$ cat protein.pdb   # PDB, C-alpha atoms
ATOM      1  CA  MET A 271       0.000   0.000   0.000
ATOM      2  CA  ARG A 272       3.119   2.172   0.198
ATOM      3  CA  LEU A 273       1.939   3.894   3.360
ATOM      4  CA  SER A 274       4.719   5.464   5.347
ATOM      5  CA  TYR A 275       5.107   4.945   9.067
ATOM      6  CA  SER A 276       7.685   5.941  11.687
ATOM      7  CA  ALA A 277      11.242   4.889  10.834
ATOM      8  CA  ASP A 278      11.843   4.343  14.551
ATOM      9  CA  VAL A 279      10.028   1.029  14.430
ATOM     10  CA  LYS A 280      12.097  -2.126  13.911
ATOM     11  CA  ILE A 281      10.001  -5.088  12.834
ATOM     12  CA  ILE A 282      10.696  -8.669  13.915
ATOM     13  CA  GLN A 283       8.500 -11.185  12.120
ATOM     14  CA  VAL A 284       7.161 -14.264  13.857
ATOM     15  CA  PRO A 285       4.789 -16.909  12.501
ATOM     16  CA  CYS A 286       2.406 -16.232  15.403
ATOM     17  CA  THR A 287       2.614 -13.859  18.367
ATOM     18  CA  GLY A 288       2.302 -16.978  20.502
ATOM     19  CA  ARG A 289       5.987 -17.410  19.654
ATOM     20  CA  VAL A 290       6.847 -14.220  21.522
ATOM     21  CA  ASP A 291       8.111 -14.939  25.016
ATOM     22  CA  ILE A 292       8.313 -12.824  28.183
ATOM     23  CA  LEU A 293      12.082 -13.027  27.856
ATOM     24  CA  HIS A 294      12.042 -11.520  24.348
ATOM     25  CA  LEU A 295      10.237  -8.472  25.674
ATOM     26  CA  LEU A 296      12.425  -8.169  28.785
ATOM     27  CA  ASN A 297      15.671  -8.609  26.831
ATOM     28  CA  ALA A 298      14.567  -5.838  24.465
ATOM     29  CA  VAL A 299      14.042  -3.486  27.395
ATOM     30  CA  GLU A 300      17.290  -4.630  29.011
ATOM     31  CA  ASP A 301      19.254  -4.004  25.830
ATOM     32  CA  GLY A 302      17.983  -0.463  25.533
ATOM     33  CA  ALA A 303      14.755  -0.499  23.530
ATOM     34  CA  ASP A 304      12.661   2.577  24.331
ATOM     35  CA  GLY A 305       9.501   0.581  23.705
ATOM     36  CA  VAL A 306       8.287  -2.800  22.472
ATOM     37  CA  TYR A 307       4.956  -3.729  21.016
ATOM     38  CA  VAL A 308       3.458  -7.007  19.897
ATOM     39  CA  ALA A 309       1.084  -6.956  16.934
ATOM     40  CA  GLY A 310      -1.025 -10.097  16.729
ATOM     41  CA  CYS A 311      -4.109 -11.268  14.926
ATOM     42  CA  LEU A 312      -7.594 -10.163  15.933
ATOM     43  CA  GLU A 313      -8.815 -12.105  18.928
ATOM     44  CA  GLY A 314     -10.737 -15.133  17.822
ATOM     45  CA  GLU A 315      -8.910 -15.188  14.488
ATOM     46  CA  CYS A 316      -5.556 -16.652  15.485
ATOM     47  CA  HIS A 317      -4.564 -19.286  12.970
ATOM     48  CA  TYR A 318      -2.961 -21.233  15.800
ATOM     49  CA  ILE A 319      -6.110 -20.771  17.906
ATOM     50  CA  GLU A 320      -4.825 -18.984  21.025
ATOM     51  CA  GLY A 321      -1.336 -17.699  20.317
ATOM     52  CA  ASN A 322      -2.442 -14.081  20.358
ATOM     53  CA  LEU A 323      -4.260 -14.582  23.679
ATOM     54  CA  LYS A 324      -1.118 -16.062  25.231
ATOM     55  CA  ALA A 325       0.869 -13.125  23.879
ATOM     56  CA  ARG A 326      -1.547 -10.693  25.503
ATOM     57  CA  ARG A 327      -1.148 -12.429  28.882
ATOM     58  CA  LYS A 328       2.634 -12.227  28.531
ATOM     59  CA  VAL A 329       2.518  -8.523  27.635
ATOM     60  CA  ILE A 330       0.366  -7.849  30.697
ATOM     61  CA  HIS A 331       2.859  -9.761  32.840
ATOM     62  CA  VAL A 332       5.781  -7.747  31.451
ATOM     63  CA  LYS A 333       3.876  -4.511  32.143
ATOM     64  CA  LYS A 334       3.559  -5.655  35.753
ATOM     65  CA  ILE A 335       7.287  -6.389  35.974
ATOM     66  CA  LEU A 336       8.187  -2.982  34.509
ATOM     67  CA  ALA A 337       5.838  -1.211  36.915
ATOM     68  CA  GLU A 338       7.546  -3.061  39.800
ATOM     69  CA  LEU A 339      10.887  -1.810  38.512
ATOM     70  CA  GLY A 340       9.709   1.787  38.249
ATOM     71  CA  ILE A 341       9.566   1.804  34.456
ATOM     72  CA  GLU A 342       6.478   3.061  32.614
ATOM     73  CA  PRO A 343       4.337   0.016  31.724
ATOM     74  CA  GLU A 344       3.135   1.909  28.625
ATOM     75  CA  ARG A 345       6.479   1.196  27.009
ATOM     76  CA  VAL A 346       5.221  -2.317  26.257
ATOM     77  CA  GLU A 347       1.927  -2.868  24.450
ATOM     78  CA  MET A 348      -0.222  -5.472  22.726
ATOM     79  CA  TYR A 349      -2.142  -4.690  19.536
ATOM     80  CA  ASN A 350      -4.549  -6.812  17.521
ATOM     81  CA  LEU A 351      -5.156  -6.423  13.827
ATOM     82  CA  SER A 352      -5.743  -8.480  10.762
ATOM     83  CA  SER A 353      -2.909  -8.944   8.275
ATOM     84  CA  ALA A 354      -5.165  -7.323   5.715
ATOM     85  CA  GLN A 355      -5.249  -4.056   7.664
ATOM     86  CA  GLY A 356      -2.285  -2.216   6.149
ATOM     87  CA  ALA A 357      -3.490   1.237   7.158
ATOM     88  CA  ARG A 358      -4.093   0.102  10.751
ATOM     89  CA  PHE A 359      -0.557  -1.319  10.837
ATOM     90  CA  ALA A 360       0.881   2.061   9.901
ATOM     91  CA  GLU A 361      -1.451   3.787  12.336
ATOM     92  CA  ILE A 362      -0.299   1.558  15.211
ATOM     93  CA  ALA A 363       3.374   2.073  14.345
ATOM     94  CA  ASN A 364       2.920   5.846  14.369
ATOM     95  CA  GLU A 365       0.792   5.769  17.530
ATOM     96  CA  MET A 366       3.373   3.725  19.431
ATOM     97  CA  ALA A 367       6.282   5.834  18.161
ATOM     98  CA  GLU A 368       4.452   8.983  19.264
ATOM     99  CA  ARG A 369       3.702   7.460  22.695
ATOM    100  CA  ILE A 370       7.343   6.508  23.229
ATOM    101  CA  ARG A 371       8.539   9.900  22.033
ATOM    102  CA  ALA A 372       6.308  11.491  24.681
ATOM    103  CA  LEU A 373       7.645   9.150  27.374
ATOM    104  CA  GLY A 374      11.225   9.952  26.461
ATOM    105  CA  PRO A 375      14.231   7.646  26.159
ATOM    106  CA  THR A 376      14.391   4.445  28.165
ATOM    107  CA  PRO A 377      15.586   4.812  31.774
ATOM    108  CA  VAL A 378      17.605   1.623  31.273
ATOM    109  CA  LYS A 379      21.019   2.922  30.344
ATOM    110  CA  ASN A 380      23.786   0.823  28.901
ATOM    111  CA  HIS A 381      26.973   1.519  30.759
ATOM    112  CA  THR A 382      30.443   1.154  29.359
ATOM    113  CA  ALA A 383      32.827  -0.780  31.622
ATOM    114  CA  ALA A 384      32.976   0.983  34.995
TER
ATOM    115  CA  MET B 180       4.805 -31.362  44.952
ATOM    116  CA  ILE B 181       6.322 -28.455  46.846
ATOM    117  CA  VAL B 182       4.858 -25.162  45.725
ATOM    118  CA  ALA B 183       6.508 -21.785  46.148
ATOM    119  CA  ASP B 184       6.009 -18.170  45.130
ATOM    120  CA  ARG B 185       8.800 -15.874  44.042
ATOM    121  CA  LYS B 186       9.702 -13.051  46.399
ATOM    122  CA  SER B 187       9.100  -9.526  45.149
ATOM    123  CA  LEU B 188      11.766  -7.982  42.930
ATOM    124  CA  GLU B 189      12.137  -5.280  45.574
ATOM    125  CA  GLU B 190      13.024  -7.849  48.218
ATOM    126  CA  ILE B 191      15.473  -9.724  45.990
ATOM    127  CA  LEU B 192      17.114  -6.497  44.824
ATOM    128  CA  GLY B 193      17.512  -5.585  48.492
ATOM    129  CA  MET B 194      19.330  -8.855  49.159
ATOM    130  CA  VAL B 195      21.946  -8.284  46.447
ATOM    131  CA  ALA B 196      22.096  -4.504  46.745
ATOM    132  CA  ASP B 197      25.820  -4.480  47.553
ATOM    133  CA  ASN B 198      26.772  -7.270  45.152
ATOM    134  CA  HIS B 199      28.267  -6.839  41.698
ATOM    135  CA  LYS B 200      28.588 -10.426  40.571
ATOM    136  CA  ILE B 201      26.050 -13.051  41.488
ATOM    137  CA  LEU B 202      24.964 -16.513  40.465
ATOM    138  CA  ILE B 203      21.301 -17.385  40.141
ATOM    139  CA  LEU B 204      20.620 -21.086  40.651
ATOM    140  CA  GLY B 205      17.513 -22.760  39.324
ATOM    141  CA  CYS B 206      16.207 -26.215  40.103
ATOM    142  CA  LYS B 207      14.613 -28.737  37.750
ATOM    143  CA  GLY B 208      12.484 -30.205  40.492
ATOM    144  CA  CYS B 209       9.305 -28.907  42.080
ATOM    145  CA  VAL B 210       9.954 -25.244  41.337
ATOM    146  CA  THR B 211      10.179 -25.997  37.628
ATOM    147  CA  VAL B 212       6.840 -27.799  37.794
ATOM    148  CA  CYS B 213       5.168 -24.878  39.513
ATOM    149  CA  ASN B 214       6.826 -22.399  37.150
ATOM    150  CA  VAL B 215       8.668 -20.363  39.762
ATOM    151  CA  GLY B 216      12.319 -21.453  39.688
ATOM    152  CA  GLY B 217      13.088 -23.331  36.502
ATOM    153  CA  LEU B 218      15.317 -22.159  33.652
ATOM    154  CA  LYS B 219      12.756 -19.760  32.219
ATOM    155  CA  GLU B 220      12.015 -18.130  35.559
ATOM    156  CA  VAL B 221      15.748 -17.863  36.303
ATOM    157  CA  GLU B 222      16.231 -16.057  32.993
ATOM    158  CA  ILE B 223      13.294 -13.747  33.663
ATOM    159  CA  LEU B 224      14.632 -12.904  37.130
ATOM    160  CA  THR B 225      18.101 -12.316  35.663
ATOM    161  CA  SER B 226      16.749  -9.918  33.057
ATOM    162  CA  SER B 227      14.563  -8.130  35.616
ATOM    163  CA  LEU B 228      17.460  -7.640  38.045
ATOM    164  CA  LYS B 229      19.772  -6.426  35.274
ATOM    165  CA  ILE B 230      17.154  -3.927  34.099
ATOM    166  CA  ALA B 231      16.685  -2.597  37.628
ATOM    167  CA  ARG B 232      20.414  -2.277  38.287
ATOM    168  CA  LYS B 233      21.138  -0.640  34.908
ATOM    169  CA  LYS B 234      18.385   1.845  35.631
ATOM    170  CA  ALA B 235      19.888   2.581  39.034
ATOM    171  CA  GLY B 236      23.292   3.143  37.491
ATOM    172  CA  SER B 237      24.985   0.208  39.209
ATOM    173  CA  PRO B 238      25.034  -2.687  36.773
ATOM    174  CA  ILE B 239      25.220  -6.226  38.055
ATOM    175  CA  ASP B 240      26.897  -9.248  36.507
ATOM    176  CA  ILE B 241      24.734 -12.374  36.649
ATOM    177  CA  ASP B 242      25.600 -15.969  35.817
ATOM    178  CA  ILE B 243      22.989 -18.659  35.526
ATOM    179  CA  GLN B 244      22.956 -22.343  36.344
ATOM    180  CA  VAL B 245      20.144 -24.850  36.762
ATOM    181  CA  LEU B 246      20.762 -27.922  38.890
ATOM    182  CA  GLU B 247      18.899 -31.192  38.480
ATOM    183  CA  ARG B 248      17.758 -30.809  42.090
ATOM    184  CA  GLN B 249      19.078 -28.789  44.981
ATOM    185  CA  CYS B 250      17.917 -31.358  47.531
ATOM    186  CA  ASP B 251      20.562 -33.958  46.739
ATOM    187  CA  THR B 252      24.206 -33.456  47.717
ATOM    188  CA  GLU B 253      25.450 -35.186  44.580
ATOM    189  CA  TYR B 254      23.844 -32.468  42.448
ATOM    190  CA  VAL B 255      24.781 -29.647  44.784
ATOM    191  CA  ALA B 256      28.375 -30.912  44.623
ATOM    192  CA  GLU B 257      28.402 -30.320  40.846
ATOM    193  CA  LEU B 258      28.747 -26.609  41.533
ATOM    194  CA  GLY B 259      32.230 -27.034  42.886
ATOM    195  CA  GLU B 260      34.440 -24.361  44.408
ATOM    196  CA  ALA B 261      33.581 -22.015  41.512
ATOM    197  CA  VAL B 262      30.539 -21.064  43.549
ATOM    198  CA  ASN B 263      32.830 -18.952  45.736
ATOM    199  CA  ASP B 264      33.759 -16.718  42.789
ATOM    200  CA  TYR B 265      30.507 -14.819  43.300
ATOM    201  CA  ASP B 266      29.620 -12.081  45.782
ATOM    202  CA  SER B 267      26.543 -14.133  46.638
ATOM    203  CA  VAL B 268      24.272 -16.782  45.178
ATOM    204  CA  VAL B 269      20.513 -16.530  44.724
ATOM    205  CA  SER B 270      18.699 -19.860  44.807
ATOM    206  CA  MET B 271      15.277 -20.220  43.219
ATOM    207  CA  ALA B 272      14.703 -23.660  44.734
ATOM    208  CA  CYS B 273      12.388 -24.397  47.632
ATOM    209  CA  GLY B 274      13.634 -23.861  51.189
ATOM    210  CA  VAL B 275      15.604 -27.083  51.049
ATOM    211  CA  GLY B 276      17.901 -25.873  48.265
ATOM    212  CA  PRO B 277      19.528 -22.837  49.914
ATOM    213  CA  GLN B 278      20.076 -24.910  53.053
ATOM    214  CA  PHE B 279      21.807 -27.791  51.280
ATOM    215  CA  LEU B 280      23.897 -25.194  49.460
ATOM    216  CA  SER B 281      24.770 -23.402  52.697
ATOM    217  CA  GLU B 282      25.722 -26.673  54.350
ATOM    218  CA  MET B 283      28.075 -27.668  51.533
ATOM    219  CA  TYR B 284      29.588 -24.281  50.732
ATOM    220  CA  LYS B 285      30.021 -22.841  54.188
ATOM    221  CA  THR B 286      31.720 -19.550  53.285
ATOM    222  CA  GLN B 287      29.264 -18.428  50.618
ATOM    223  CA  THR B 288      26.009 -16.525  51.157
ATOM    224  CA  PHE B 289      22.910 -18.121  49.656
ATOM    225  CA  TYR B 290      19.756 -16.061  49.303
ATOM    226  CA  PRO B 291      16.310 -17.645  48.871
ATOM    227  CA  ALA B 292      14.476 -16.086  45.930
ATOM    228  CA  VAL B 293      11.203 -17.856  46.652
ATOM    229  CA  ASN B 294       8.860 -18.269  49.601
ATOM    230  CA  THR B 295       8.088 -21.964  49.935
ATOM    231  CA  THR B 296       4.447 -22.453  50.821
ATOM    232  CA  PHE B 297       2.787 -25.859  50.618
ATOM    233  CA  PHE B 298       2.511 -29.412  49.222
ATOM    234  CA  GLY B 299      -0.006 -29.307  46.446
ATOM    235  CA  GLY B 300      -0.907 -29.846  42.838
ATOM    236  CA  ALA B 301      -2.165 -27.951  39.803
ATOM    237  CA  THR B 302      -5.953 -27.792  39.578
ATOM    238  CA  GLN B 303      -5.660 -25.930  36.283
ATOM    239  CA  HIS B 304      -2.765 -24.578  34.263
ATOM    240  CA  GLY B 305      -1.207 -21.863  36.392
ATOM    241  CA  VAL B 306      -3.143 -22.539  39.592
ATOM    242  CA  TRP B 307      -1.791 -24.672  42.446
ATOM    243  CA  GLU B 308      -3.697 -25.617  45.569
ATOM    244  CA  GLU B 309      -2.677 -27.059  48.908
ATOM    245  CA  ARG B 310      -3.573 -30.689  49.435
ATOM    246  CA  CYS B 311      -1.202 -32.024  52.087
ATOM    247  CA  ALA B 312       0.058 -30.693  55.400
ATOM    248  CA  GLY B 313       2.673 -33.366  55.959
ATOM    249  CA  CYS B 314       1.122 -34.530  59.204
ATOM    250  CA  GLY B 315       2.951 -37.843  59.062
ATOM    251  CA  THR B 316      -0.115 -39.967  59.814
ATOM    252  CA  CYS B 317      -2.157 -40.097  56.659
ATOM    253  CA  GLY B 318      -5.812 -40.992  57.017
ATOM    254  CA  ILE B 319      -7.463 -39.589  53.929
ATOM    255  CA  HIS B 320      -9.151 -42.939  53.306
ATOM    256  CA  MET B 321     -11.234 -42.281  56.411
ATOM    257  CA  PHE B 322     -12.600 -39.129  54.826
ATOM    258  CA  GLY B 323     -13.453 -40.266  51.337
ATOM    259  CA  GLY B 324      -9.998 -39.466  50.016
ATOM    260  CA  LEU B 325     -10.129 -35.820  51.082
ATOM    261  CA  CYS B 326      -7.831 -34.473  53.775
ATOM    262  CA  PRO B 327      -9.345 -32.362  56.548
ATOM    263  CA  ILE B 328      -5.960 -31.793  58.174
ATOM    264  CA  ALA B 329      -4.632 -29.883  55.184
ATOM    265  CA  ARG B 330      -7.835 -28.520  53.731
ATOM    266  CA  CYS B 331      -9.843 -27.531  56.775
ATOM    267  CA  ALA B 332      -8.677 -24.237  58.237
ATOM    268  CA  LYS B 333      -9.061 -25.719  61.701
ATOM    269  CA  SER B 334      -7.962 -29.253  60.762
ATOM    270  CA  LEU B 335     -11.152 -30.621  62.293
ATOM    271  CA  LEU B 336     -11.709 -34.355  62.399
ATOM    272  CA  HIS B 337     -15.415 -34.713  63.084
ATOM    273  CA  GLY B 338     -17.286 -32.516  60.672
ATOM    274  CA  PRO B 339     -17.705 -28.888  59.661
ATOM    275  CA  CYS B 340     -17.634 -26.074  62.150
ATOM    276  CA  GLY B 341     -20.395 -23.489  62.551
ATOM    277  CA  GLY B 342     -18.631 -21.200  60.129
ATOM    278  CA  SER B 343     -19.174 -23.462  57.147
ATOM    279  CA  SER B 344     -21.713 -21.784  54.895
ATOM    280  CA  LYS B 345     -22.945 -22.885  51.459
ATOM    281  CA  GLY B 346     -19.910 -25.114  51.090
ATOM    282  CA  VAL B 347     -17.512 -22.260  51.731
ATOM    283  CA  CYS B 348     -15.085 -21.768  54.597
ATOM    284  CA  GLU B 349     -15.617 -18.724  56.815
ATOM    285  CA  VAL B 350     -11.908 -17.934  56.660
ATOM    286  CA  ASN B 351     -11.854 -17.215  52.942
ATOM    287  CA  ALA B 352     -14.680 -16.952  50.433
ATOM    288  CA  GLU B 353     -12.559 -18.743  47.848
ATOM    289  CA  THR B 354     -11.857 -21.743  50.042
ATOM    290  CA  GLU B 355     -14.283 -24.607  49.820
ATOM    291  CA  CYS B 356     -15.314 -26.143  53.121
ATOM    292  CA  ILE B 357     -13.680 -29.538  52.796
ATOM    293  CA  TRP B 358     -15.998 -31.005  55.411
ATOM    294  CA  ASP B 359     -18.950 -30.003  53.287
ATOM    295  CA  ALA B 360     -17.328 -31.897  50.435
ATOM    296  CA  ILE B 361     -16.459 -34.919  52.591
ATOM    297  CA  VAL B 362     -19.975 -35.236  53.979
ATOM    298  CA  LYS B 363     -21.566 -34.832  50.546
ATOM    299  CA  LYS B 364     -19.255 -37.477  49.098
ATOM    300  CA  LYS B 365     -19.990 -39.916  51.915
ATOM    301  CA  MET B 366     -23.729 -39.288  51.617
ATOM    302  CA  GLU B 367     -23.645 -39.947  47.884
ATOM    303  CA  ALA B 368     -21.743 -43.184  48.503
ATOM    304  CA  GLY B 369     -24.211 -44.167  51.217
ATOM    305  CA  GLN B 370     -21.342 -44.325  53.722
ATOM    306  CA  LEU B 371     -22.231 -41.451  56.045
ATOM    307  CA  ALA B 372     -22.062 -43.880  58.965
ATOM    308  CA  ASP B 373     -18.271 -43.955  58.553
ATOM    309  CA  LEU B 374     -18.110 -40.369  59.800
ATOM    310  CA  MET B 375     -20.316 -40.918  62.822
ATOM    311  CA  GLY B 376     -17.906 -42.443  65.308
ATOM    312  CA  VAL B 377     -15.714 -40.413  67.628
ATOM    313  CA  ARG B 378     -12.087 -40.726  66.632
ATOM    314  CA  GLY B 379      -9.180 -40.953  69.029
ATOM    315  CA  PHE B 380      -6.873 -37.965  69.409
ATOM    316  CA  LYS B 381      -4.676 -37.397  66.413
ATOM    317  CA  ASP B 382      -1.022 -38.138  67.046
ATOM    318  CA  TRP B 383       0.664 -34.894  66.112
ATOM    319  CA  THR B 384       4.150 -36.076  67.097
ATOM    320  CA  THR B 385       4.604 -37.348  63.536
ATOM    321  CA  ALA B 386       3.901 -33.848  62.214
ATOM    322  CA  ARG B 387       6.094 -30.742  62.424
ATOM    323  CA  ASP B 388       4.865 -30.440  66.007
ATOM    324  CA  GLY B 389       7.131 -33.314  66.974
ATOM    325  CA  GLY B 390      10.253 -31.501  65.823
ATOM    326  CA  PRO B 391      12.352 -31.818  62.646
ATOM    327  CA  ARG B 392      11.763 -35.208  61.086
ATOM    328  CA  ARG B 393      13.934 -37.853  59.503
ATOM    329  CA  SER B 394      13.034 -40.612  57.118
ATOM    330  CA  ILE B 395      15.319 -43.637  56.779
ATOM    331  CA  ARG B 396      15.373 -46.516  54.290
ATOM    332  CA  GLU B 397      17.502 -49.020  56.176
ATOM    333  CA  GLU B 398      17.991 -51.207  53.143
ATOM    334  CA  LEU B 399      19.604 -48.333  51.248
ATOM    335  CA  VAL B 400      21.934 -46.882  53.861
ATOM    336  CA  GLN B 401      25.531 -47.868  53.105
ATOM    337  CA  GLY B 402      27.578 -49.071  56.006
ATOM    338  CA  ASN B 403      24.772 -50.778  57.868
ATOM    339  CA  ILE B 404      26.044 -54.143  56.699
TER
END

$ encode --input "protein.pdb" --output "structure tokens"
Amino acid sequence: MRLSYSADVKIIQVPCTGRVDILHLLNAVEDGADGVYVAGCLEGECHYIEGNLKARRKVIHVKKILAELGIEPERVEMYNLSSAQGARFAEIANEMAERIRALGPTPVKNHTAA
Amino acid sequence: MIVADRKSLEEILGMVADNHKILILGCKGCVTVCNVGGLKEVEILTSSLKIARKKAGSPIDIDIQVLERQCDTEYVAELGEAVNDYDSVVSMACGVGPQFLSEMYKTQTFYPAVNTTFFGGATQHGVWEERCAGCGTCGIHMFGGLCPIARCAKSLLHGPCGGSSKGVCEVNAETECIWDAIVKKKMEAGQLADLMGVRGFKDWTTARDGGPRRSIREELVQGNI
């Protein structure tokens, strides 16, 4: 559709968001990502039945962990859309990029050897 | 099996606040089964601690190892003297683990990362419930296979108390009254008479009340013959 969306978004493709693990999200935050979002199929339309529901539970869990650590839970988010919704994809990317821009850079700083 | 819950990140961070290099030890036994101290949970804790320490400006170095079980000296011995290379060690096993570790590696500090709670099983994926109190004198067959020692808040032996209401315990609205369940089961089996007699006093000396316990299999102990 040649729609443009924020260049700040790096896409990692998975066959189903059920493949995304809590550790993937945490490692991203640990390694300096300002934000992470998981875009899965519409609920009820997961080809693998419940992968997107599992992903949502994991995202909620990671939000809880971040809140416990004093990091804004809004930095991690779950979105649902159909793979046919190109415009929605771009909309989500821009929405998330805007949200993260407002939150500012990640408080998790990488230090060079002390 | 033994069920435990992980301590809060705040509490664990407090334990290792002054440490710069730690080892987190998982266990493939009970804590893996109840998803609190297996490899995945060790990795999640590692990442969480690293995030917190990076954020606070005092990064921490964390190594990971998962032992087969921390309740057997032959597995605990696999760690070797390398365990002393760390400022401290965080064990995600049940209460037995950190103690076996402390007994074998006397100069190292072992922190428990979980609060060990009860003997139980999974009633659904992700939910574990207490079933056994380890009283040492099992009599569940006398109660239709349900244990009033572990599952009655007052460990009553002769029927529900006055607080039992609509099959629910007065202590907690989410706890079923096990006596309600026992009586219903016996009634349905036509065996209510089994519950009618007065039982003798329970011998609590076989429970924790009698002091720390020991279990011996004579035929297995080397050196007896």

$ interface_residues --input "protein.pdb" --of "chain A" --to "chain B" --cutoff "10 Å" --atoms "only C-alpha atoms" --output "PyMOL selection string"
chain A and resi 291-302+332+335-336+338-341+376-384

$ closest_residue --input "protein.pdb" --among "A:Arg326, A:Glu320, A:Ile281, A:Glu344" --to "Glu368 in chain A" --atoms "only C-alpha atoms"
A:Glu344

$ residues_near_point --input "protein.pdb" --point "(-7.8, -30.0, 61.1)" --cutoff "12 Å" --atoms "all atoms listed in the file" --output "ChimeraX atom specification"
/B:311-312,314,318-319,325-340,356-358,380-381,383

$ resolve_selection --input "protein.pdb" --expression "the PyMOL selection byres ((chain A and resi 347) around 9)" --output "list in words"
Gly305, Val306, Tyr307, Val308, Ala309, Arg326, Val329, Ile330, Lys333, Pro343, Glu344, Arg345, Val346, Met348, Tyr349 and Met366 of chain A

$ residues_around --input "protein.pdb" --residues "Ile241 in chain B" --least-positions-apart "6" --cutoff "6 Å" --atoms "only C-alpha atoms" --output "JSON, numbers by chain"
{"B": [200, 201, 202]}
